file target-v3.cif (mmCIF, C-alpha atoms and all ligand atoms)
data_coords
#
loop_
_atom_site.label_atom_id
_atom_site.label_comp_id
_atom_site.auth_asym_id
_atom_site.auth_seq_id
_atom_site.Cartn_x
_atom_site.Cartn_y
_atom_site.Cartn_z
CA MET A 1 -8.28 35.78 -35.02
CA ALA A 2 -10.93 34.43 -32.71
CA ASP A 3 -13.48 33.16 -35.22
CA ARG A 4 -16.60 31.37 -34.16
CA GLY A 5 -15.81 27.78 -33.35
CA THR A 6 -12.32 28.64 -32.10
CA LYS A 7 -11.56 26.98 -28.76
CA MET A 8 -10.85 29.45 -26.00
CA ILE A 9 -8.83 28.99 -22.83
CA LYS A 10 -8.70 31.08 -19.69
CA LEU A 11 -5.42 31.73 -17.90
CA ARG A 12 -4.83 33.41 -14.57
CA ILE A 13 -1.41 34.98 -14.45
CA SER A 14 0.34 36.43 -11.44
CA ARG A 15 1.52 39.97 -12.18
CA TYR A 16 3.93 42.13 -10.26
CA ARG A 17 4.83 45.58 -11.44
CA PRO A 18 7.33 47.11 -9.05
CA GLU A 19 6.87 50.60 -10.50
CA ARG A 20 3.10 50.57 -9.85
CA SER A 21 1.71 48.05 -7.42
CA GLY A 22 3.09 47.18 -4.03
CA GLU A 23 1.84 43.60 -4.15
CA PRO A 24 1.55 40.98 -6.88
CA PHE A 25 -1.98 40.55 -8.23
CA ASP A 26 -3.69 38.05 -10.53
CA GLN A 27 -4.93 38.94 -13.97
CA GLU A 28 -7.13 36.76 -16.19
CA PHE A 29 -6.80 36.41 -19.94
CA THR A 30 -9.01 34.43 -22.30
CA ILE A 31 -7.32 33.52 -25.54
CA PRO A 32 -8.00 31.25 -28.52
CA TYR A 33 -6.02 28.04 -28.44
CA ARG A 34 -5.16 24.96 -30.41
CA ASP A 35 -4.21 21.53 -29.13
CA ASP A 36 -0.59 21.97 -30.15
CA MET A 37 -0.01 25.04 -27.97
CA VAL A 38 2.33 24.99 -25.00
CA VAL A 39 2.02 27.38 -22.03
CA LEU A 40 4.80 29.56 -23.46
CA ASP A 41 2.81 29.96 -26.71
CA ALA A 42 -0.09 31.27 -24.65
CA LEU A 43 2.17 33.79 -22.89
CA ASN A 44 3.56 34.90 -26.24
CA TYR A 45 0.04 35.26 -27.62
CA ILE A 46 -0.91 37.52 -24.73
CA LYS A 47 2.23 39.60 -25.11
CA ASP A 48 1.76 39.96 -28.88
CA HIS A 49 -1.99 40.58 -28.98
CA ILE A 50 -3.30 41.71 -25.60
CA ASP A 51 -0.76 43.12 -23.18
CA PRO A 52 2.80 43.86 -24.31
CA THR A 53 3.85 44.60 -20.74
CA LEU A 54 3.57 40.95 -19.67
CA THR A 55 7.10 39.95 -18.64
CA TYR A 56 8.63 36.46 -18.55
CA ARG A 57 11.85 34.76 -19.60
CA TRP A 58 12.38 32.37 -22.47
CA SER A 59 14.82 31.73 -25.26
CA CYS A 60 15.14 28.34 -26.91
CA ARG A 61 11.53 27.11 -26.62
CA MET A 62 12.86 23.57 -26.82
CA GLY A 63 13.69 22.65 -23.24
CA ILE A 64 17.39 23.36 -23.33
CA CYS A 65 18.07 26.95 -22.21
CA GLY A 66 16.31 26.51 -18.88
CA SER A 67 14.98 30.06 -18.71
CA CYS A 68 11.21 29.60 -19.11
CA GLY A 69 10.38 27.97 -15.77
CA ALA A 70 7.19 28.96 -13.94
CA ASN A 71 4.83 27.39 -11.46
CA VAL A 72 1.87 26.16 -13.49
CA ASP A 73 -1.11 25.05 -11.38
CA GLY A 74 1.28 24.98 -8.44
CA THR A 75 3.96 22.76 -9.99
CA PRO A 76 7.29 24.05 -11.34
CA LYS A 77 7.41 23.41 -15.10
CA LEU A 78 9.24 24.50 -18.23
CA THR A 79 6.49 26.53 -19.93
CA CYS A 80 7.90 25.65 -23.37
CA ALA A 81 7.50 21.94 -22.70
CA LEU A 82 4.03 21.88 -21.18
CA TYR A 83 1.00 21.46 -23.45
CA LEU A 84 -2.13 23.36 -22.49
CA ARG A 85 -4.18 20.31 -23.49
CA ASP A 86 -2.53 18.35 -20.66
CA LEU A 87 -3.74 20.80 -18.01
CA LYS A 88 -7.04 19.90 -16.43
CA LYS A 89 -7.87 22.98 -14.35
CA ARG A 90 -9.44 26.18 -15.68
CA PRO A 91 -8.31 28.87 -15.46
CA VAL A 92 -4.72 27.71 -15.82
CA LEU A 93 -2.78 29.32 -12.98
CA ILE A 94 0.66 30.64 -13.91
CA GLU A 95 2.92 32.01 -11.18
CA PRO A 96 6.62 32.84 -10.91
CA LEU A 97 8.84 30.01 -9.61
CA ALA A 98 8.28 29.61 -5.88
CA ASN A 99 11.06 30.27 -3.34
CA PHE A 100 12.61 33.13 -5.33
CA ALA A 101 11.98 36.86 -5.04
CA VAL A 102 9.86 38.25 -7.89
CA LEU A 103 11.35 41.04 -9.98
CA LYS A 104 8.48 41.52 -12.43
CA ASP A 105 5.49 39.36 -13.38
CA LEU A 106 6.99 35.88 -13.95
CA VAL A 107 10.62 36.97 -13.74
CA VAL A 108 12.42 35.96 -10.55
CA ASP A 109 15.74 36.94 -9.04
CA ILE A 110 18.22 34.19 -9.98
CA GLU A 111 21.18 35.74 -8.14
CA PRO A 112 20.93 33.43 -5.07
CA PHE A 113 20.95 30.44 -7.42
CA MET A 114 24.10 31.64 -9.20
CA GLU A 115 25.84 31.93 -5.85
CA LYS A 116 24.94 28.32 -4.99
CA LEU A 117 26.33 27.05 -8.31
CA GLU A 118 29.60 28.84 -7.66
CA ALA A 119 29.82 27.49 -4.12
CA ALA A 120 29.83 23.92 -5.48
CA LYS A 121 33.19 24.54 -7.24
CA PRO A 122 31.83 23.33 -10.58
CA TYR A 123 35.11 23.03 -12.46
CA ILE A 124 37.93 20.53 -12.81
CA ILE A 125 40.49 20.99 -10.08
CA ARG A 126 43.96 19.55 -10.77
CA LYS A 127 46.78 18.97 -8.35
CA ASP A 128 49.23 18.42 -11.19
CA GLU A 129 48.36 20.90 -13.92
CA ARG A 130 49.79 19.53 -17.17
CA PRO A 131 51.49 21.80 -19.68
CA ILE A 132 49.32 22.67 -22.68
CA GLU A 133 51.68 20.84 -25.09
CA ARG A 134 50.77 17.55 -23.51
CA GLY A 135 47.26 17.94 -24.80
CA GLU A 136 43.88 17.38 -23.25
CA TYR A 137 43.01 15.14 -20.32
CA ARG A 138 41.46 12.16 -22.03
CA GLN A 139 38.55 10.12 -20.87
CA THR A 140 36.96 6.84 -21.96
CA PRO A 141 33.24 6.66 -22.85
CA GLU A 142 32.75 4.60 -19.66
CA GLU A 143 34.32 7.35 -17.55
CA LEU A 144 32.06 9.89 -19.22
CA GLU A 145 29.05 7.71 -18.53
CA LEU A 146 29.73 7.90 -14.78
CA TYR A 147 28.73 11.56 -14.54
CA ARG A 148 26.62 12.00 -17.68
CA GLN A 149 23.32 12.09 -15.82
CA GLN A 150 24.39 14.95 -13.53
CA SER A 151 25.91 16.84 -16.46
CA LEU A 152 22.53 17.17 -18.18
CA CYS A 153 21.30 19.93 -15.84
CA ILE A 154 20.06 23.05 -17.67
CA ASN A 155 19.96 25.32 -14.59
CA CYS A 156 16.22 25.86 -14.88
CA MET A 157 15.78 26.12 -11.08
CA LEU A 158 12.57 24.06 -11.09
CA CYS A 159 14.14 21.89 -8.38
CA TYR A 160 14.70 24.90 -6.09
CA SER A 161 11.10 25.93 -6.61
CA ALA A 162 9.97 22.43 -5.58
CA CYS A 163 12.27 22.16 -2.55
CA PRO A 164 10.55 22.93 0.78
CA VAL A 165 13.92 22.95 2.56
CA TYR A 166 15.15 25.76 0.31
CA GLY A 167 11.76 27.45 0.72
CA HIS A 168 12.33 27.38 4.46
CA ASP A 169 15.97 28.49 4.47
CA GLU A 170 17.60 30.13 1.49
CA LYS A 171 21.05 29.37 2.92
CA PHE A 172 20.56 25.75 1.80
CA LEU A 173 22.87 24.81 -1.08
CA GLY A 174 19.96 23.06 -2.79
CA PRO A 175 19.46 20.38 -5.44
CA ALA A 176 21.05 21.53 -8.72
CA ALA A 177 24.25 22.87 -7.13
CA SER A 178 24.69 19.60 -5.25
CA ALA A 179 24.13 17.56 -8.42
CA LEU A 180 26.74 19.73 -10.11
CA ALA A 181 29.20 19.06 -7.29
CA LEU A 182 28.66 15.31 -7.74
CA ARG A 183 29.14 15.70 -11.48
CA TYR A 184 32.72 16.90 -10.85
CA GLU A 185 33.29 14.42 -8.03
CA LEU A 186 32.61 11.60 -10.49
CA ASP A 187 34.78 13.07 -13.25
CA SER A 188 37.94 10.99 -13.74
CA ARG A 189 39.93 14.13 -14.68
CA ASP A 190 39.17 15.88 -11.40
CA GLN A 191 41.53 15.85 -8.42
CA GLY A 192 39.74 18.34 -6.19
CA SER A 193 37.43 15.94 -4.43
CA GLU A 194 38.62 16.82 -0.95
CA GLU A 195 38.25 20.55 -1.49
CA ARG A 196 34.85 20.27 -3.13
CA LEU A 197 33.42 17.83 -0.59
CA ALA A 198 34.56 20.13 2.19
CA ALA A 199 32.68 22.96 0.49
CA VAL A 200 29.39 21.08 0.13
CA ALA A 201 29.36 18.69 3.09
CA THR A 202 28.32 21.38 5.53
CA GLU A 203 25.34 22.27 7.71
CA HIS A 204 23.73 24.35 4.97
CA GLY A 205 25.14 22.07 2.30
CA ILE A 206 24.09 18.51 1.60
CA TRP A 207 23.43 17.73 5.26
CA GLN A 208 20.49 20.13 5.33
CA CYS A 209 18.66 17.96 2.79
CA THR A 210 15.90 15.93 4.46
CA PHE A 211 15.16 13.98 1.30
CA VAL A 212 11.77 15.24 0.32
CA GLY A 213 12.61 14.05 -3.19
CA GLU A 214 10.39 16.51 -5.05
CA CYS A 215 13.39 18.02 -6.88
CA SER A 216 13.89 14.76 -8.75
CA VAL A 217 10.18 14.55 -9.56
CA VAL A 218 10.05 17.98 -11.23
CA CYS A 219 13.46 17.90 -12.95
CA PRO A 220 12.83 18.00 -16.72
CA LYS A 221 16.24 16.48 -17.49
CA HIS A 222 16.10 13.50 -15.09
CA VAL A 223 19.21 14.69 -13.31
CA ASP A 224 17.90 13.18 -10.04
CA PRO A 225 19.41 15.81 -7.74
CA ALA A 226 17.88 14.08 -4.69
CA GLY A 227 19.84 10.94 -5.56
CA ALA A 228 22.95 13.03 -6.16
CA ILE A 229 22.73 14.53 -2.67
CA GLN A 230 22.39 11.10 -1.09
CA GLN A 231 25.45 9.92 -3.02
CA LEU A 232 27.40 12.94 -1.82
CA LYS A 233 26.33 12.19 1.75
CA ALA A 234 27.60 8.62 1.36
CA LEU A 235 30.87 9.89 -0.14
CA ALA A 236 31.38 12.43 2.64
CA ALA A 237 30.51 9.92 5.36
CA THR A 238 32.86 7.20 4.05
CA ARG A 239 35.62 9.77 3.68
CA LEU A 240 35.15 10.78 7.31
CA MET A 241 35.11 7.16 8.49
CA LYS A 242 38.33 6.41 6.61
CA ALA A 243 39.99 9.47 8.08
CA MET A 244 39.04 8.31 11.57
CA LEU A 245 39.90 4.61 11.17
CA LEU A 246 42.93 4.88 8.92
CA PRO A 247 44.45 8.26 9.75
CA LEU A 248 47.63 7.56 7.78
CA ALA A 249 46.10 6.01 4.66
CA PRO A 250 46.15 8.10 1.49
CA ARG A 251 42.74 9.58 0.64
CA MET B 1 24.89 58.61 -16.18
CA ALA B 2 23.01 57.39 -13.19
CA VAL B 3 20.02 55.32 -14.18
CA GLU B 4 17.10 55.39 -11.84
CA THR B 5 16.04 51.91 -10.86
CA VAL B 6 12.68 50.67 -9.70
CA ARG B 7 14.04 47.27 -8.79
CA LYS B 8 11.95 46.09 -5.86
CA PRO B 9 12.31 42.32 -5.45
CA TYR B 10 9.13 40.98 -3.89
CA VAL B 11 9.58 38.15 -1.39
CA ARG B 12 6.48 35.99 -1.11
CA GLN B 13 5.52 34.51 2.23
CA ARG B 14 5.04 30.78 2.32
CA SER B 15 1.69 29.69 3.73
CA ALA B 16 1.80 27.46 6.82
CA TRP B 17 -0.25 24.99 4.76
CA TRP B 18 2.23 24.67 1.88
CA TRP B 19 2.62 20.93 2.51
CA THR B 20 -1.07 20.20 1.92
CA LYS B 21 -0.79 21.25 -1.73
CA ASN B 22 1.00 18.12 -2.92
CA PRO B 23 0.53 14.49 -1.75
CA ARG B 24 4.29 13.92 -1.81
CA TYR B 25 4.80 16.84 0.59
CA VAL B 26 2.15 15.30 2.87
CA LEU B 27 3.99 11.97 2.87
CA PHE B 28 7.23 13.80 3.65
CA GLN B 29 5.66 15.64 6.60
CA PHE B 30 4.35 12.35 7.96
CA ARG B 31 7.80 10.83 7.65
CA GLU B 32 9.26 13.75 9.60
CA LEU B 33 6.47 13.39 12.17
CA SER B 34 7.32 9.69 12.54
CA SER B 35 10.47 10.63 14.46
CA VAL B 36 8.29 12.06 17.24
CA PHE B 37 6.57 8.71 17.64
CA VAL B 38 9.84 6.80 17.55
CA VAL B 39 11.16 9.00 20.39
CA LEU B 40 7.89 8.46 22.23
CA TYR B 41 8.43 4.72 21.99
CA ALA B 42 11.93 5.06 23.37
CA PHE B 43 10.43 6.84 26.39
CA LEU B 44 7.86 4.06 26.82
CA VAL B 45 10.67 1.51 26.94
CA LEU B 46 12.50 3.62 29.54
CA TRP B 47 9.29 3.76 31.52
CA GLN B 48 9.07 -0.01 31.33
CA LEU B 49 12.62 -0.38 32.67
CA TRP B 50 11.79 2.08 35.43
CA ALA B 51 8.75 -0.04 36.40
CA LEU B 52 10.87 -3.17 36.36
CA ARG B 53 13.26 -1.56 38.78
CA GLY B 54 10.35 -0.82 41.15
CA GLY B 55 9.75 -4.52 41.88
CA SER B 56 7.08 -6.99 40.83
CA ASP B 57 4.04 -5.00 42.01
CA ALA B 58 5.11 -1.91 40.14
CA TYR B 59 5.85 -3.97 37.05
CA TYR B 60 2.48 -5.70 37.26
CA ALA B 61 0.74 -2.32 37.44
CA PHE B 62 2.77 -1.25 34.43
CA LEU B 63 1.72 -4.34 32.47
CA VAL B 64 -1.96 -3.71 33.24
CA MET B 65 -1.53 -0.22 31.87
CA TRP B 66 0.56 -1.50 28.93
CA TYR B 67 -2.16 -3.88 27.75
CA SER B 68 -4.98 -1.37 28.16
CA ARG B 69 -6.85 -0.34 25.05
CA PRO B 70 -5.52 3.24 24.77
CA MET B 71 -1.96 1.93 25.14
CA MET B 72 -2.51 -0.71 22.48
CA ALA B 73 -3.95 1.96 20.20
CA LEU B 74 -0.94 4.20 20.79
CA ASN B 75 1.39 1.31 20.05
CA ALA B 76 -0.45 0.59 16.82
CA VAL B 77 0.02 4.21 15.75
CA ILE B 78 3.70 4.07 16.67
CA LEU B 79 4.11 0.84 14.70
CA ALA B 80 2.43 2.39 11.64
CA PHE B 81 4.78 5.40 11.77
CA ALA B 82 7.82 3.17 12.34
CA ILE B 83 6.90 1.11 9.27
CA LEU B 84 6.33 4.26 7.19
CA HIS B 85 9.74 5.54 8.25
CA SER B 86 11.52 2.26 7.53
CA VAL B 87 9.92 1.66 4.16
CA THR B 88 10.61 5.21 2.91
CA TRP B 89 14.14 4.93 4.29
CA PHE B 90 14.79 1.74 2.37
CA ALA B 91 13.39 3.33 -0.77
CA LEU B 92 16.32 5.72 -0.38
CA THR B 93 19.00 3.05 -0.43
CA ALA B 94 18.71 2.61 -4.19
CA LYS B 95 19.77 6.25 -4.59
CA VAL B 96 23.27 5.43 -3.41
CA PRO B 97 24.92 2.93 -5.76
CA LEU B 98 27.59 1.49 -3.49
CA PHE B 99 28.67 -1.03 -6.10
CA ARG B 100 28.32 -1.58 -9.81
CA ILE B 101 27.33 -4.58 -11.87
CA LYS B 102 29.07 -4.56 -15.27
CA GLY B 103 29.81 -0.86 -14.86
CA ARG B 104 26.23 0.08 -14.05
CA PRO B 105 24.56 0.69 -10.70
CA PRO B 106 22.24 -2.18 -9.72
CA PRO B 107 18.55 -1.67 -10.66
CA ALA B 108 16.62 0.32 -8.01
CA ALA B 109 13.91 -2.33 -7.61
CA LEU B 110 16.54 -4.97 -6.82
CA VAL B 111 18.26 -2.85 -4.15
CA ILE B 112 15.01 -1.80 -2.49
CA GLY B 113 13.58 -5.33 -2.67
CA ALA B 114 16.73 -6.89 -1.19
CA SER B 115 16.96 -4.32 1.64
CA LEU B 116 13.28 -4.79 2.52
CA ALA B 117 13.70 -8.58 2.48
CA ILE B 118 16.71 -8.42 4.83
CA TRP B 119 14.83 -6.02 7.11
CA VAL B 120 11.78 -8.32 7.33
CA ALA B 121 13.99 -11.40 7.89
CA LEU B 122 15.92 -9.70 10.72
CA SER B 123 12.69 -8.48 12.31
CA LEU B 124 11.25 -11.99 12.24
CA LEU B 125 14.47 -13.36 13.74
CA ILE B 126 14.21 -10.88 16.64
CA VAL B 127 10.54 -11.79 17.21
CA LYS B 128 11.55 -15.46 17.27
CA LEU B 129 14.37 -14.83 19.75
CA LEU B 130 12.02 -12.86 22.01
CA TYR B 131 8.94 -15.03 21.85
CA GLY B 132 10.24 -18.34 20.55
CA GLY B 133 8.34 -20.81 18.37
CA PHE B 134 6.58 -20.03 15.09
S1 LIG A 301 18.66 19.62 -11.57
FE1 LIG A 301 16.95 19.47 -13.04
S2 LIG A 301 15.35 20.82 -12.16
FE2 LIG A 301 17.28 21.37 -11.16
S3 LIG A 301 18.11 23.06 -12.36
FE3 LIG A 301 19.03 21.17 -13.19
S4 LIG A 301 17.68 20.54 -14.87
FE4 LIG A 301 16.54 22.06 -13.64
S1 LIG A 302 12.45 28.35 -23.51
FE1 LIG A 302 14.39 27.36 -23.25
S2 LIG A 302 13.89 25.78 -21.83
FE2 LIG A 302 11.96 26.64 -22.25
#
call {"tool": "encode", "arguments": {"input": "target-v3.cif", "output": "structure tokens"}}
result
Amino acid sequence: MADRGTKMIKLRISRYRPERSGEPFDQEFTIPYRDDMVVLDALNYIKDHIDPTLTYRWSCRMGICGSCGANVDGTPKLTCALYLRDLKKRPVLIEPLANFAVLKDLVVDIEPFMEKLEAAKPYIIRKDERPIERGEYRQTPEELELYRQQSLCINCMLCYSACPVYGHDEKFLGPAASALALRYELDSRDQGSEERLAAVATEHGIWQCTFVGECSVVCPKHVDPAGAIQQLKALAATRLMKAMLLPLAPR
Amino acid sequence: MAVETVRKPYVRQRSAWWWTKNPRYVLFQFRELSSVFVVLYAFLVLWQLWALRGGSDAYYAFLVMWYSRPMMALNAVILAFAILHSVTWFALTAKVPLFRIKGRPPPAALVIGASLAIWVALSLLIVKLLYGGF
């Protein structure tokens, strides 16, 4: 393993072991490393060779499952997509995603996030449900393009970890769920706009966003949830104006 | 069979200094703070109207105070915050594509640039109306 001449790297990892300690504590590990290692490789090295109790989530190790998020040197990152060589500070500080309760080591409670996603009504709502025999609802490539950006979200929760508004009040609907709502708002097959907008254009919904913008900075998929929320605000506001000015017009 | 659980979710407390950890959070806090200064300016204008109502002596006293150094300094700070607020607000406009060019939202730089240009032009127009000349 660690021959002479091997480069070593020191990591400081936040640990929390509910069955033992009352409080999270930091633990340092020094491991051999190569330039092609990502943070997740380092965690796997520690788990395989030093401490099998180290607990964290991952699956695809290619930036698509969205389960390996952690705060690295204070910034929410996918640990499978972050090279150790790109990190300047030593030791490298690895903490669970901020703004979520910690269950064990780097594993956080994602339940509040799941509730937000559900609240955004992330499914196609039809007023006239067509019989199966008539086939699928078809869409042109241009219509698909309208919501493609918002559909790329991998539910990694980095944006929630970066959002100070969510950190302040966990009732806030938050970035990814809002982007998901917009994704269905922009879908030509959807007819549930009124219902969905009513669900998200609330005090703890999109209107609680003060446009810090950090969610869009950390998003690994360039979903731009901050932009999505502003678009939803514009949609909700124009809808309201129309309702007031043209009470009889179809919406 | 009942399984014993040791699930004890740990809720971390956020430090009061969280916003100092990231320059973008600092900028955000300053933008929020700018509203305080904008309100302050509104009160200064009300004060001015109040002085005007009190007759020429009262208004003259107000003007002496208004052009004093501390007042000028305060106004400079208010102006700086107002500009910060406006510029960051216009940077937002590009996030809402209200129209599309050939099926695509207009480029962000174009929207921001155009909004800033209109803002500066309108501001100059108001200055001209108020003070005349150029
Ligand atoms: S919007 Fe981006 S940062 Fe947020 S959960 Fe989706 S992919 Fe992750
Ligand atoms: S392990 Fe799947 S996104 Fe990182």
call {"tool": "residues_around", "arguments": {"input": "target-v3.cif", "residues": "B:Ile83", "least_positions_apart": "6", "cutoff": "10 Å", "atoms": "all atoms listed in the file", "output": "ChimeraX atom specification"}}
result
/B:31,34,77,89
call {"tool": "atom_distance", "arguments": {"input": "target-v3.cif", "atom1": "atom CA of B:Ala42", "atom2": "atom CA of B:Ile118"}}
result
23.4 Å
call {"tool": "atom_distance", "arguments": {"input": "target-v3.cif", "atom1": "atom CA of B:Lys8", "atom2": "atom CA of A:Asp73"}}
result
25.4 Å
call {"tool": "interface_residues", "arguments": {"input": "target-v3.cif", "of": "chain B", "to": "chain A", "cutoff": "8 Å", "atoms": "all atoms listed in the file", "output": "short mmCIF file (atom, residue, chain, number, x, y, z; two decimals) with C-alpha atoms, in the coordinates of the input"}}
result
data_model
loop_
_atom_site.label_atom_id
_atom_site.label_comp_id
_atom_site.auth_asym_id
_atom_site.auth_seq_id
_atom_site.Cartn_x
_atom_site.Cartn_y
_atom_site.Cartn_z
CA VAL B 6 12.68 50.67 -9.70
CA ARG B 7 14.04 47.27 -8.79
CA LYS B 8 11.95 46.09 -5.86
CA PRO B 9 12.31 42.32 -5.45
CA TYR B 10 9.13 40.98 -3.89
CA VAL B 11 9.58 38.15 -1.39
CA ARG B 12 6.48 35.99 -1.11
CA ARG B 14 5.04 30.78 2.32
CA LYS B 21 -0.79 21.25 -1.73
CA ARG B 24 4.29 13.92 -1.81
CA TYR B 25 4.80 16.84 0.59
CA PHE B 28 7.23 13.80 3.65
CA LYS B 95 19.77 6.25 -4.59
CA VAL B 96 23.27 5.43 -3.41
CA PRO B 97 24.92 2.93 -5.76
CA GLY B 103 29.81 -0.86 -14.86
#
call {"tool": "axis_aligned_box", "arguments": {"input": "target-v3.cif", "around": "stretch 105-123 of chain B", "padding_each_side": "8 Å", "output": "AutoDock Vina command-line options"}}
result
--center_x 18.2 --center_y -5.4 --center_z 0.8 --size_x 28.8 --size_y 28.1 --size_z 39.0
call {"tool": "atom_distance", "arguments": {"input": "target-v3.cif", "atom1": "atom CA of B:Val36", "atom2": "atom CA of A:Glu203"}}
result
22.0 Å
call {"tool": "residues_around", "arguments": {"input": "target-v3.cif", "residues": "B:Gly113", "least_positions_apart": "3", "cutoff": "12 Å", "atoms": "all atoms listed in the file", "output": "list in words"}}
result
Val87, Phe90, Ala91, Leu92, Thr93, Ala94, Pro106, Pro107, Ala108, Ala109, Leu110, Leu116, Ala117, Ile118, Trp119 and Val120 of chain B
call {"tool": "residues_near_ligand", "arguments": {"input": "target-v3.cif", "ligand": "ligand LIG 302 (chain A)", "cutoff": "12 Å", "atoms": "only C-alpha atoms and all ligand atoms", "output": "PyMOL selection string"}}
result
chain A and resi 38-41+43-44+56-70+77-82+153-158+219-221
call {"tool": "closest_residue", "arguments": {"input": "target-v3.cif", "among": "A:Met241, A:Ala198, A:Cys159, A:Ile125", "to": "ligand LIG 301 (chain A)", "atoms": "only C-alpha atoms and all ligand atoms"}}
result
A:Cys159
call {"tool": "decode", "arguments": {"input": "target-v3.cif", "residues": "stretch 51-57 of chain B", "atoms": "all heavy atoms", "output": "PDB file, in the first residue's frame"}}
result
ATOM      1  N   ALA B  51     -40.188  69.945   6.470  1.00  0.00           N
ATOM      2  CA  ALA B  51     -39.471  71.214   6.620  1.00  0.00           C
ATOM      3  C   ALA B  51     -40.051  72.266   5.684  1.00  0.00           C
ATOM      4  O   ALA B  51     -40.224  73.429   6.049  1.00  0.00           O
ATOM      5  CB  ALA B  51     -37.988  70.998   6.341  1.00  0.00           C
ATOM      6  N   LEU B  52     -40.403  71.822   4.478  1.00  0.00           N
ATOM      7  CA  LEU B  52     -40.968  72.729   3.487  1.00  0.00           C
ATOM      8  C   LEU B  52     -42.279  73.326   4.007  1.00  0.00           C
ATOM      9  O   LEU B  52     -42.570  74.497   3.819  1.00  0.00           O
ATOM     10  CB  LEU B  52     -41.219  71.940   2.202  1.00  0.00           C
ATOM     11  CG  LEU B  52     -41.323  72.722   0.896  1.00  0.00           C
ATOM     12  CD1 LEU B  52     -40.103  73.578   0.680  1.00  0.00           C
ATOM     13  CD2 LEU B  52     -41.509  71.750  -0.266  1.00  0.00           C
ATOM     14  N   ARG B  53     -43.024  72.489   4.673  1.00  0.00           N
ATOM     15  CA  ARG B  53     -44.321  72.898   5.194  1.00  0.00           C
ATOM     16  C   ARG B  53     -44.143  73.948   6.305  1.00  0.00           C
ATOM     17  O   ARG B  53     -44.989  74.802   6.521  1.00  0.00           O
ATOM     18  CB  ARG B  53     -45.014  71.650   5.755  1.00  0.00           C
ATOM     19  CG  ARG B  53     -46.483  71.822   5.972  1.00  0.00           C
ATOM     20  CD  ARG B  53     -47.105  70.466   6.240  1.00  0.00           C
ATOM     21  NE  ARG B  53     -48.301  70.641   7.051  1.00  0.00           N
ATOM     22  CZ  ARG B  53     -48.368  70.356   8.327  1.00  0.00           C
ATOM     23  NH1 ARG B  53     -47.317  69.843   8.951  1.00  0.00           N
ATOM     24  NH2 ARG B  53     -49.477  70.557   8.998  1.00  0.00           N
ATOM     25  N   GLY B  54     -42.986  73.909   6.972  1.00  0.00           N
ATOM     26  CA  GLY B  54     -42.731  74.811   8.093  1.00  0.00           C
ATOM     27  C   GLY B  54     -42.324  76.230   7.667  1.00  0.00           C
ATOM     28  O   GLY B  54     -41.937  77.026   8.518  1.00  0.00           O
ATOM     29  N   GLY B  55     -42.336  76.528   6.381  1.00  0.00           N
ATOM     30  CA  GLY B  55     -41.995  77.877   5.931  1.00  0.00           C
ATOM     31  C   GLY B  55     -40.534  78.002   5.542  1.00  0.00           C
ATOM     32  O   GLY B  55     -39.743  77.065   5.709  1.00  0.00           O
ATOM     33  N   SER B  56     -40.155  79.174   5.044  1.00  0.00           N
ATOM     34  CA  SER B  56     -38.830  79.316   4.439  1.00  0.00           C
ATOM     35  C   SER B  56     -37.689  79.194   5.456  1.00  0.00           C
ATOM     36  O   SER B  56     -36.649  78.633   5.153  1.00  0.00           O
ATOM     37  CB  SER B  56     -38.745  80.638   3.679  1.00  0.00           C
ATOM     38  OG  SER B  56     -38.906  81.704   4.577  1.00  0.00           O
ATOM     39  N   ASP B  57     -37.884  79.708   6.678  1.00  0.00           N
ATOM     40  CA  ASP B  57     -36.806  79.591   7.675  1.00  0.00           C
ATOM     41  C   ASP B  57     -36.511  78.144   8.006  1.00  0.00           C
ATOM     42  O   ASP B  57     -35.346  77.717   8.029  1.00  0.00           O
ATOM     43  CB  ASP B  57     -37.185  80.345   8.958  1.00  0.00           C
ATOM     44  CG  ASP B  57     -37.001  81.844   8.774  1.00  0.00           C
ATOM     45  OD1 ASP B  57     -36.491  82.221   7.686  1.00  0.00           O
ATOM     46  OD2 ASP B  57     -37.363  82.603   9.692  1.00  0.00           O
TER      47      ASP B  57
END
